[in-house]
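Q: Can you keep this structure in mind? I'll have questions shortly.
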Amino acid sequence: MQRRACALAILATGFMAGPASAYMAYVSNEKDNTMSVVDTATMQVVKTVNVGQRPRGITISHDGKHIYLCASDDDSIEVIDTASLEIVDTLPSGPDPELFVLSPDGKTLYIANEDDNLVTVIDIENKKVLAEIPVGVEPEGMGVSPDGKIMINTSETTNMAHFIDTSTHEITDNVLVDARPRFVEFTPDGKQAWVTAEIGGTVSVIDNQTREVVQKITFEIAGLRAESIQPVGVRITADGKKAYVALGPANRVAVINTQTYEVEKYVLVGQRVWQLAFTPDQKTIISTNGVSNDITFIDVETDEPVQSVTVGALPWGVVVSPNLNQPN
Amino acid sequence: MARMSLVRCLAVVAMLAPSVNAKAASTDPDWPCIQRKVPQLSLGQIWNGPELPPAAKDLSKDPGISALVEEVAARRIPIAEAQKKIKDFAASLPAEQLAPKMAMLVQGMFDHMDAERSHVISGIARYAHKQLEMAAALRKEASDVDALRAKPDADPNEIERRTEQLKFATRIFNERVQSLTYVCEVPTIIEQRLYQLSKAVSETLAAKK
């Protein structure tokens, strides 16, 4: 009797500590052509999946069933089933897809094609190219407003954020930002777009109504040369209060108060910090650190690094499943 | 057959040499690597702890630390072993000495490994120059051998000897092209190691808090 109770207790504990609270993080490893699957509760790699050549941009369908992955050197987007972790389909992407963004309704992908100065719009369900929008030279960052009406693409060489109307696929505004804009993130209320500039070393905050830069955020870290501060990925908390900016070879993530635009903290995470993703419960933000070949879990409440986990070679992007208990 | 080899030699040299040229010409003639050239590191890239006091620079006062720096910086020592050496050293220190000695260690590792890295980077520049010279010499020799072959009174033994030499030199050139991929990784490997070692130091300090 006692033994059975004990076994039950162990079982119960097992369930509680086990995958019940786990989201899965998926990390694209640019150099060894793999994707690491990381359990966010145990913070361990549970599987490494072989994917196409030079995987970079990565995102996930809203139901959590499919991962979309830019296989840049294969000129395609791979669709990976999260249950079987197998590549089940590919989508047409245009040449050299690097980064993309999923529309809020989950039906459309907007893809930056770095080599031919286009943004390709894909209907996921029918695997059809809906439009090819000519933009500036070397398109890179992609962001979409929470209502899905506006999409922004940044062009690395033209140094602009191009505002594109998603119903007409036309550029409506071009906003000049600093050198080599890399990434776009809308605030959850859709009022602002935050655009990082890798070489400029800044974040431009653009008002989505007036389409003007209302604030330019700069970074300063003691003991670091200014040129090693290279802002890339940005994520803003769902309550809109804090923004996290990955600073590349500064090896840190900056935590910014979105009301004052002040940097409140620099978190040392790993080498060449590139992209970021929150867990859906917003308790954790994960950074990919390309040169140290790891990802770091940062506690969003304290902004302390909790744990670094070694993944594949040159981790680039990261996305977290929207739901618990991803079967693997 | 010898004719075929020579043609192939020429094709390889013609193919490889411009690629070395193109890479070098596009950015920095001293930098043939695909990786971005970062000539020097900054301490802030690896250290988030308290600002290091000027005394941290004074390694000569502590031969124990400079020996430890030499030891952990050496890439033949597996990283886990090097990190353990740091932790063991920290554990052997009296509490009041931990912070100053660890500051000295971080500064020492940074100076030592940044210098080593800069040395490698200038080595890569020399390597790139040598490769360009070799490519030019190979092109010249290939065209000389071709000219020789075109002469009706050329000595067949001489043609044979020089063709063989050219083939050998081309092989060396190709092997050096292959090695460049690895050589270019070395600055990053040093940077990775330095970061991992500094992390071990931070952990010893955090553990004492």
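Lettering and numbering for the structure tokens are positional, with chains as A, B, ... in the shown order, residues counted from 1 in each chain, and ligands counted from 1 in the shown order.
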Please build the interface table for chain A against chain B with a cut-off of 12 Å, listing for each qualifying residue the nearest atom pair and the distance in Å to one decimal; count only C-alpha atoms, order rows by chain and increasing number, and write it as CSV.
A:
```
residue,atom,partner,partner_atom,distance
A:Glu220,CA,B:Gly44,CA,11.0
A:Ile221,CA,B:Gly44,CA,7.5
A:Ala222,CA,B:Gly44,CA,6.7
A:Gly223,CA,B:Gly44,CA,4.6
A:Leu224,CA,B:Gly44,CA,4.8
A:Arg225,CA,B:Ser42,CA,6.5
A:Ala226,CA,B:Ser42,CA,10.1
A:Glu227,CA,B:Val38,CA,9.9
A:Ser228,CA,B:Gln45,CA,8.3
A:Ile229,CA,B:Gln45,CA,9.6
A:Leu247,CA,B:Gln45,CA,10.8
A:Gly248,CA,B:Gln45,CA,10.2
A:Pro249,CA,B:Gln45,CA,7.2
A:Ala250,CA,B:Gln45,CA,5.5
A:Asn251,CA,B:Gln45,CA,6.0
A:Arg252,CA,B:Gln45,CA,8.3
A:Lys265,CA,B:Asn48,CA,11.5
A:Tyr266,CA,B:Asn48,CA,9.0
A:Val267,CA,B:Asn48,CA,8.4
A:Leu268,CA,B:Asn48,CA,6.4
A:Val269,CA,B:Asn48,CA,9.8
A:Gly270,CA,B:Tyr195,CA,8.1
A:Gln271,CA,B:Gln192,CA,7.6
A:Arg272,CA,B:Gln45,CA,9.6
A:Val273,CA,B:Gln45,CA,11.3
A:Asn289,CA,B:Gln192,CA,11.2
A:Gly290,CA,B:Gln192,CA,10.5
A:Val291,CA,B:Gln192,CA,6.9
A:Ser292,CA,B:Gln192,CA,6.0
A:Asn293,CA,B:Gln192,CA,9.2
A:Asp294,CA,B:Gln192,CA,11.3
A:Ser308,CA,B:Lys199,CA,11.1
A:Leu314,CA,B:Thr188,CA,11.7
```
Q: Which residues come within 8 Å of Leu138 (chain B), counting only C-alpha atoms, excluding same-chain residues fewer than 2 positions away, as a PyMOL selection string?
A: chain B and resi 13+134-136+140-142+166+169-170
Q: Restricted to N, CA and C atoms, what would the selected residues look like written as a PDB file, in the first residue's frame?
A:
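Okay, this is what ended up in selection.pdb:
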```pdb
ATOM      1  N   VAL B  13      44.957  26.981 -61.331  1.00  0.00           N
ATOM      2  CA  VAL B  13      45.586  28.226 -60.885  1.00  0.00           C
ATOM      3  C   VAL B  13      44.753  29.420 -61.310  1.00  0.00           C
ATOM      4  N   MET B 134      52.416  33.292 -54.730  1.00  0.00           N
ATOM      5  CA  MET B 134      52.496  31.940 -55.296  1.00  0.00           C
ATOM      6  C   MET B 134      51.630  31.828 -56.544  1.00  0.00           C
ATOM      7  N   ALA B 135      50.432  32.412 -56.495  1.00  0.00           N
ATOM      8  CA  ALA B 135      49.525  32.340 -57.647  1.00  0.00           C
ATOM      9  C   ALA B 135      50.163  33.011 -58.860  1.00  0.00           C
ATOM     10  N   ALA B 136      50.792  34.172 -58.629  1.00  0.00           N
ATOM     11  CA  ALA B 136      51.435  34.894 -59.734  1.00  0.00           C
ATOM     12  C   ALA B 136      52.587  34.071 -60.315  1.00  0.00           C
ATOM     13  N   LYS B 140      52.949  32.441 -64.108  1.00  0.00           N
ATOM     14  CA  LYS B 140      54.093  32.740 -64.971  1.00  0.00           C
ATOM     15  C   LYS B 140      54.763  31.448 -65.430  1.00  0.00           C
ATOM     16  N   GLU B 141      55.001  30.545 -64.482  1.00  0.00           N
ATOM     17  CA  GLU B 141      55.681  29.299 -64.822  1.00  0.00           C
ATOM     18  C   GLU B 141      54.842  28.489 -65.823  1.00  0.00           C
ATOM     19  N   ALA B 142      53.529  28.467 -65.620  1.00  0.00           N
ATOM     20  CA  ALA B 142      52.661  27.718 -66.540  1.00  0.00           C
ATOM     21  C   ALA B 142      52.770  28.282 -67.952  1.00  0.00           C
ATOM     22  N   LEU B 166      55.761  22.086 -61.738  1.00  0.00           N
ATOM     23  CA  LEU B 166      54.577  22.950 -61.729  1.00  0.00           C
ATOM     24  C   LEU B 166      53.401  22.244 -61.054  1.00  0.00           C
ATOM     25  N   ALA B 169      54.016  22.326 -57.313  1.00  0.00           N
ATOM     26  CA  ALA B 169      53.795  23.663 -56.734  1.00  0.00           C
ATOM     27  C   ALA B 169      52.296  23.981 -56.671  1.00  0.00           C
ATOM     28  N   THR B 170      51.579  23.521 -57.692  1.00  0.00           N
ATOM     29  CA  THR B 170      50.134  23.768 -57.715  1.00  0.00           C
ATOM     30  C   THR B 170      49.442  23.015 -56.579  1.00  0.00           C
TER      31      THR B 170
END
```
Q: Pick from A:Thr237, A:Thr210, A:Thr302, A:Ser204: nearest to Tyr261 (chain A), with only C-alpha atoms counted?
A: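 Ranked by minimum distance to Tyr261 (chain A), first place goes to A:Ser204.
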Q: With the cut-off set at 8 Å and counting only C-alpha atoms, tabulate each residue of region 197-314 of chain A with an atom at most that distance from an atom of region 188-193 of chain A, showing the nearest atom pair and its distance in Å to one decimal, ordered by chain and increasing number, as CSV.
A:
```
residue,atom,partner,partner_atom,distance
A:Val205,CA,A:Ala193,CA,5.8
A:Ile206,CA,A:Ala193,CA,5.1
A:Asp207,CA,A:Gln192,CA,4.7
A:Asn208,CA,A:Gln192,CA,5.2
A:Gln209,CA,A:Lys191,CA,7.1
A:Ile236,CA,A:Pro188,CA,7.6
A:Thr237,CA,A:Pro188,CA,7.9
A:Ala238,CA,A:Pro188,CA,6.1
A:Asp239,CA,A:Pro188,CA,7.3
A:Gly240,CA,A:Pro188,CA,6.0
```
Q: Pull the helix (DSSP H, G or I) assignments for region 34-154 of chain A out of DSSP run on the backbone, and list those residues as an MDAnalysis selection string.
A: chainID A and resid 72:74 114:116
Q: State, in Å with one decimal place, the distance from CA of Arg54 (chain A) to CA of Ile34 (chain B).
A: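 These two atoms are separated by 15.0 Å.
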Q: Considering only C-alpha atoms, return as a PyMOL selection string whatever protein or nucleic-acid residues lie within 9 Å of His62 (chain A), sequence-local ones (same chain, fewer than 6 positions apart) excluded.
A: chain A and resi 104-106+321-322
Q: If you run DSSP on this backbone, which residues of region 14-142 of chain A come out as strand (DSSP E), and could you give them as a VMD selection string?
A: chain A and resid 24 to 29 34 to 39 44 to 50 55 to 60 66 to 71 76 to 81 87 to 92 97 to 102 108 to 113 118 to 123 128 to 134 139 to 142
